[in-house]
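K.L.:
Can you read through this structure? Questions will come right after.
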Amino acid sequence: MSVRTIPILPCRDLDDVVPFYAALGFAVTYRQKRPNPYLCLSREDGLDLHFAGIPGFDPEGSLGNVIVVVPDTGTLYDEFASGLRSAYGKVPRAGIPRITKPRRKQGTSAGFSVVDPGGNWLRITSGGPEEEGGGPFERVLLNAARQGDAHGDESAAIAVLEAGLIRHADTSEAERVPVYVYLAELLIRTGDHPRATEVLDKLRGIDLDEATAAEVAELVNGVEPGPR
């Protein structure tokens with residue numbers, strides 16, 4: 001006998017979550033207005049989520065969490081990011097909703113998180129062992145991701161990255177690129193666009209590979225225009 005578990009997550013209004021999850025490849029399989037607003041969503045890969053509409057619900061205070069174990073987090077992330085970019089013109093990195101980039105975390109491999117319009121966290125992981133990484137900033141990035149992505153504490157993650165940059169002051173700018181990229185993302189998330197712009201300007205002065213350059217361009221797009 002196969003066993004399935006389908007979480008029921010809260011949201012303020014079902015219409016808040018339907019278009020967001022449609023961008024992630026989910027289809028509506030059932031919806032009702034009365035006696036209680038209720039929604040069933042499903043992806044072709046078998047991922048099912050249900051939602052209960054709660055008038056007056058505050059997404060900022062949501063405690064909804066789901067751990068999603070998949071064989072290939074990179075492929076799923078690419079699908080999610082492509083759908084969000086198509087639907088919203090960019091990949092949302094700050095506020096609610098948002099999606100984080102895949103990063104290795106303590107005890108997991110290449111995980112990322114999705115925060116939906118109801119404030120619920122989908123924590124995507126392969127469930128595999130943590131891979132050994134190289135470079136002086138590997139542990140710094142792991143600890144920062146644990147704070148900023150797993151715990152949702154961007155301020156603590158920023159502090160970890162900034163302390164790491166000071167601790168490894170003898171490293172080259174090329175070695176600092178992953179730290180700068182994540183730092184810029186976190187600063188955008190917290191609304192500190194002037195500091196984010198400073199970090200992004202620094203990145204644009206470094207010879208970046210094609211993938212990282214695209215990532216930086218996406219982050220630049222996330223900074224609201226303002227006086228420089």
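Ligands are numbered from 1 in the order shown, residues from 1 within each chain, and chains are lettered A, B, ... in the order they appear in the structure tokens.
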I want to know what sits within 9 Å of A:Trp121, based on only C-alpha atoms, with residues of the same chain fewer than 4 positions away left out; could you give that as a list in words?
P.N.:
Ser62, Leu63, Gly64, Asn65, Val66, Ile67, Ser113, Val114, Val115 and Asp116 of chain A
K.L.:
Would you mind exporting the chosen residues as a compact mmCIF listing (two decimals), in the first residue's frame, restricted to all heavy atoms?
P.N.:
```txt
# COMPACT_ATOMS: atom_id res chain seq x y z
N SER A 62 2.43 33.55 9.22
CA SER A 62 2.19 32.14 8.91
C SER A 62 3.29 31.24 9.47
O SER A 62 4.47 31.57 9.43
CB SER A 62 2.11 31.94 7.39
OG SER A 62 1.93 30.57 7.08
N LEU A 63 2.87 30.11 10.00
CA LEU A 63 3.80 29.09 10.47
C LEU A 63 3.79 27.87 9.55
O LEU A 63 4.36 26.83 9.88
CB LEU A 63 3.44 28.67 11.90
CG LEU A 63 3.52 29.76 12.97
CD1 LEU A 63 3.08 29.22 14.32
CD2 LEU A 63 4.92 30.35 13.07
N GLY A 64 3.11 28.01 8.40
CA GLY A 64 3.01 26.88 7.47
C GLY A 64 4.36 26.50 6.91
O GLY A 64 5.09 27.35 6.38
N ASN A 65 4.72 25.23 7.03
CA ASN A 65 5.99 24.70 6.53
C ASN A 65 5.78 23.33 5.92
O ASN A 65 5.05 22.51 6.49
CB ASN A 65 7.01 24.57 7.67
CG ASN A 65 7.77 25.85 7.93
OD1 ASN A 65 8.83 26.07 7.36
ND2 ASN A 65 7.23 26.70 8.80
N VAL A 66 6.40 23.08 4.78
CA VAL A 66 6.35 21.78 4.14
C VAL A 66 7.76 21.42 3.68
O VAL A 66 8.43 22.23 3.05
CB VAL A 66 5.42 21.77 2.91
CG1 VAL A 66 5.35 20.37 2.30
CG2 VAL A 66 4.02 22.25 3.28
N ILE A 67 8.23 20.23 4.02
CA ILE A 67 9.49 19.74 3.49
C ILE A 67 9.18 18.89 2.27
O ILE A 67 8.40 17.93 2.34
CB ILE A 67 10.26 18.92 4.54
CG1 ILE A 67 10.66 19.81 5.72
CG2 ILE A 67 11.49 18.27 3.92
CD1 ILE A 67 11.33 19.06 6.85
N SER A 113 14.21 27.30 -1.02
CA SER A 113 12.91 27.49 -0.38
C SER A 113 12.00 28.37 -1.23
O SER A 113 12.47 29.26 -1.94
CB SER A 113 13.08 28.13 1.01
OG SER A 113 13.80 27.29 1.88
N VAL A 114 10.72 28.10 -1.12
CA VAL A 114 9.70 28.93 -1.75
C VAL A 114 8.80 29.46 -0.62
O VAL A 114 8.33 28.68 0.21
CB VAL A 114 8.83 28.13 -2.74
CG1 VAL A 114 7.70 29.00 -3.28
CG2 VAL A 114 9.68 27.59 -3.88
N VAL A 115 8.61 30.77 -0.58
CA VAL A 115 7.65 31.37 0.35
C VAL A 115 6.47 31.84 -0.49
O VAL A 115 6.62 32.71 -1.36
CB VAL A 115 8.27 32.55 1.12
CG1 VAL A 115 7.25 33.11 2.11
CG2 VAL A 115 9.53 32.11 1.85
N ASP A 116 5.31 31.23 -0.28
CA ASP A 116 4.16 31.51 -1.15
C ASP A 116 3.38 32.74 -0.67
O ASP A 116 3.70 33.32 0.37
CB ASP A 116 3.29 30.26 -1.29
CG ASP A 116 2.47 29.95 -0.04
OD1 ASP A 116 2.37 30.79 0.89
OD2 ASP A 116 1.90 28.84 0.02
```
K.L.:
I want to know what sits within 12 Å of A:Leu122, based on only C-alpha atoms, with residues of the same chain fewer than 2 positions away left out; could you give that as a ChimeraX atom specification?
P.N.:
/A:7,9,21,24,47-49,63-69,77,97-100,111-120,124-125,149-150
K.L.:
Between A:Lys33, A:Arg123, A:Arg176, A:Arg139, which has the minimum distance to A:Ile206 (counting only C-alpha atoms)?
P.N.:
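That would be A:Arg176, the residue with the smallest distance to A:Ile206.
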K.L.:
Can you list, as a PyMOL selection string, every residue of stretch 19-186 of chain A that DSSP puts in helix (DSSP H, G or I)?
P.N.:
chain A and resi 19-23+59-61+73-88+138-150+154-167+173-186
K.L.:
Enumerate the residues of stretch 42-91 of chain A with a DSSP assignment of strand (DSSP E), computed from the backbone, and present them as number ranges by chain.
P.N.:
A: 42, 48-53, 65-69
K.L.:
Please produce a file of the residues just selected, as a short mmCIF file (atom, residue, chain, number, x, y, z; two decimals), in the first residue's frame, where the atoms kept are all heavy atoms.
P.N.:
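Contents of selection.cif, freshly written:
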```cif
data_model
loop_
_atom_site.label_atom_id
_atom_site.label_comp_id
_atom_site.auth_asym_id
_atom_site.auth_seq_id
_atom_site.Cartn_x
_atom_site.Cartn_y
_atom_site.Cartn_z
N SER A 42 -2.22 20.51 -7.76
CA SER A 42 -1.39 19.33 -8.03
C SER A 42 -0.46 19.60 -9.22
O SER A 42 -0.81 20.32 -10.15
CB SER A 42 -2.27 18.12 -8.34
OG SER A 42 -1.49 16.97 -8.59
N ASP A 48 1.29 17.48 -4.36
CA ASP A 48 -0.06 17.99 -4.09
C ASP A 48 -0.03 18.92 -2.88
O ASP A 48 0.61 18.61 -1.87
CB ASP A 48 -1.04 16.86 -3.82
CG ASP A 48 -1.23 15.94 -5.01
OD1 ASP A 48 -1.44 16.45 -6.12
OD2 ASP A 48 -1.14 14.71 -4.83
N LEU A 49 -0.76 20.02 -2.97
CA LEU A 49 -0.91 20.95 -1.86
C LEU A 49 -2.37 21.37 -1.78
O LEU A 49 -3.01 21.61 -2.79
CB LEU A 49 -0.04 22.20 -2.08
CG LEU A 49 1.48 22.02 -2.13
CD1 LEU A 49 2.14 23.32 -2.54
CD2 LEU A 49 2.02 21.54 -0.79
N HIS A 50 -2.89 21.47 -0.55
CA HIS A 50 -4.24 21.95 -0.33
C HIS A 50 -4.18 23.25 0.48
O HIS A 50 -3.25 23.43 1.27
CB HIS A 50 -5.08 20.91 0.42
CG HIS A 50 -5.39 19.70 -0.40
ND1 HIS A 50 -6.29 18.73 0.02
CD2 HIS A 50 -4.93 19.28 -1.61
CE1 HIS A 50 -6.36 17.78 -0.90
NE2 HIS A 50 -5.54 18.08 -1.88
N PHE A 51 -5.17 24.10 0.28
CA PHE A 51 -5.18 25.40 0.95
C PHE A 51 -6.56 25.68 1.56
O PHE A 51 -7.58 25.38 0.94
CB PHE A 51 -4.82 26.52 -0.02
CG PHE A 51 -3.39 26.48 -0.46
CD1 PHE A 51 -3.01 25.70 -1.55
CD2 PHE A 51 -2.41 27.18 0.22
CE1 PHE A 51 -1.69 25.63 -1.95
CE2 PHE A 51 -1.09 27.11 -0.17
CZ PHE A 51 -0.72 26.34 -1.25
N ALA A 52 -6.54 26.29 2.73
CA ALA A 52 -7.76 26.74 3.40
C ALA A 52 -7.74 28.26 3.44
O ALA A 52 -6.77 28.85 3.94
CB ALA A 52 -7.83 26.17 4.81
N GLY A 53 -8.77 28.88 2.89
CA GLY A 53 -8.86 30.33 2.93
C GLY A 53 -9.37 30.80 4.27
O GLY A 53 -10.43 30.35 4.74
N ASN A 65 4.72 25.23 7.03
CA ASN A 65 5.99 24.70 6.53
C ASN A 65 5.78 23.33 5.92
O ASN A 65 5.05 22.51 6.49
CB ASN A 65 7.01 24.57 7.67
CG ASN A 65 7.77 25.85 7.93
OD1 ASN A 65 8.83 26.07 7.36
ND2 ASN A 65 7.23 26.70 8.80
N VAL A 66 6.40 23.08 4.78
CA VAL A 66 6.35 21.78 4.14
C VAL A 66 7.76 21.42 3.68
O VAL A 66 8.43 22.23 3.05
CB VAL A 66 5.42 21.77 2.91
CG1 VAL A 66 5.35 20.37 2.30
CG2 VAL A 66 4.02 22.25 3.28
N ILE A 67 8.23 20.23 4.02
CA ILE A 67 9.49 19.74 3.49
C ILE A 67 9.18 18.89 2.27
O ILE A 67 8.40 17.93 2.34
CB ILE A 67 10.26 18.92 4.54
CG1 ILE A 67 10.66 19.81 5.72
CG2 ILE A 67 11.49 18.27 3.92
CD1 ILE A 67 11.33 19.06 6.85
N VAL A 68 9.77 19.24 1.14
CA VAL A 68 9.54 18.52 -0.11
C VAL A 68 10.86 17.87 -0.53
O VAL A 68 11.84 18.56 -0.82
CB VAL A 68 9.04 19.47 -1.22
CG1 VAL A 68 8.78 18.69 -2.50
CG2 VAL A 68 7.78 20.21 -0.77
N VAL A 69 10.89 16.54 -0.55
CA VAL A 69 12.10 15.80 -0.92
C VAL A 69 11.97 15.36 -2.37
O VAL A 69 11.02 14.65 -2.73
CB VAL A 69 12.31 14.59 0.01
CG1 VAL A 69 13.59 13.85 -0.36
CG2 VAL A 69 12.35 15.02 1.47
#
```
K.L.:
Can you tell me which residues surround A:Thr171 at a distance of at most 12 Å, considering only C-alpha atoms, apart from same-chain residues fewer than 5 positions away, and format the answer as a tab-separated table (two decimals) with N, CA, C and O atoms, in the first residue's frame?
P.N.:
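What follows is the written file selection-v3.tsv:
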```
chain	number	residue	atom	x	y	z
A	135	GLY	N	37.09	26.02	-1.22
A	135	GLY	CA	37.19	27.46	-1.09
A	135	GLY	C	37.04	27.93	0.34
A	135	GLY	O	36.40	27.27	1.17
A	136	PRO	N	37.63	29.09	0.63
A	136	PRO	CA	37.63	29.60	2.00
A	136	PRO	C	36.26	30.00	2.52
A	136	PRO	O	36.05	30.10	3.73
A	137	PHE	N	35.31	30.25	1.61
A	137	PHE	CA	34.00	30.75	2.04
A	137	PHE	C	32.92	29.66	2.10
A	137	PHE	O	31.76	29.97	2.31
A	164	GLY	N	32.55	36.94	7.57
A	164	GLY	CA	33.39	36.06	6.76
A	164	GLY	C	34.31	36.85	5.83
A	164	GLY	O	35.48	36.49	5.65
A	165	LEU	N	33.79	37.93	5.26
A	165	LEU	CA	34.61	38.76	4.38
A	165	LEU	C	35.76	39.40	5.14
A	165	LEU	O	36.88	39.53	4.63
A	166	ILE	N	35.50	39.78	6.39
A	166	ILE	CA	36.56	40.36	7.22
A	166	ILE	C	37.56	39.30	7.62
A	166	ILE	O	38.78	39.51	7.57
A	176	ARG	N	35.57	35.88	-3.72
A	176	ARG	CA	34.50	36.51	-2.94
A	176	ARG	C	33.17	36.59	-3.69
A	176	ARG	O	32.16	36.95	-3.11
A	177	VAL	N	33.18	36.26	-4.98
A	177	VAL	CA	31.98	36.42	-5.81
A	177	VAL	C	30.74	35.75	-5.21
A	177	VAL	O	29.68	36.38	-5.10
A	179	VAL	N	29.97	35.09	-2.20
A	179	VAL	CA	29.55	35.82	-1.00
A	179	VAL	C	28.88	37.13	-1.39
A	179	VAL	O	27.83	37.50	-0.85
```
K.L.:
Excluding same-chain residues fewer than 4 positions from A:Ala81, what lies within 9 Å of it counting only C-alpha atoms, as a ChimeraX atom specification?
P.N.:
/A:23-24,76-77,85-86,90-92,99
K.L.:
Tell me which protein, DNA and RNA residues are within 12 Å of A:Thr212, counting only C-alpha atoms, leaving out same-chain ones fewer than 6 positions away, and put them as number ranges by chain.
P.N.:
A: 174, 177-182, 200, 203-204, 206, 218-219
K.L.:
For A:Val199, which of A:Val70, A:Ile8, A:Ala184, A:Ala163 is the closest residue, counting only C-alpha atoms?
P.N.:
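Of A:Val70, A:Ile8, A:Ala184, A:Ala163, the one nearest A:Val199, counting only C-alpha atoms, is A:Ala184.
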K.L.:
Let me make sure I understand: among A:Gly74, A:Pro102, A:Pro37, A:Gly222, which one has the smallest atom-to-atom distance to A:Arg146 if we use only C-alpha atoms?
P.N.:
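Of A:Gly74, A:Pro102, A:Pro37, A:Gly222, the one nearest A:Arg146, counting only C-alpha atoms, is A:Pro102.
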K.L.:
For A:Val160, which residue out of A:Pro59, A:Gly89, A:Gly148, A:Gly83 is the nearest one, using only C-alpha atoms?
P.N.:
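With only C-alpha atoms as the atom set, the closest residue is A:Gly148.
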K.L.:
Which residue gives the smallest distance to A:Glu185 among A:Asp153, A:Glu215, A:Asp58, A:Glu138, with only C-alpha atoms counted?
P.N.:
A:Glu215
K.L.:
Report the distance between atom CA of A:Pro35 and atom CA of A:Asp15 in Å, rounded to one decimal place.
P.N.:
16.7 Å
K.L.:
Identify which of the residues A:Val3, A:Ala87, A:Ala213, A:Leu39 lies closest to A:Val17, counting only C-alpha atoms when measuring atom-to-atom distances.
P.N.:
A:Leu39
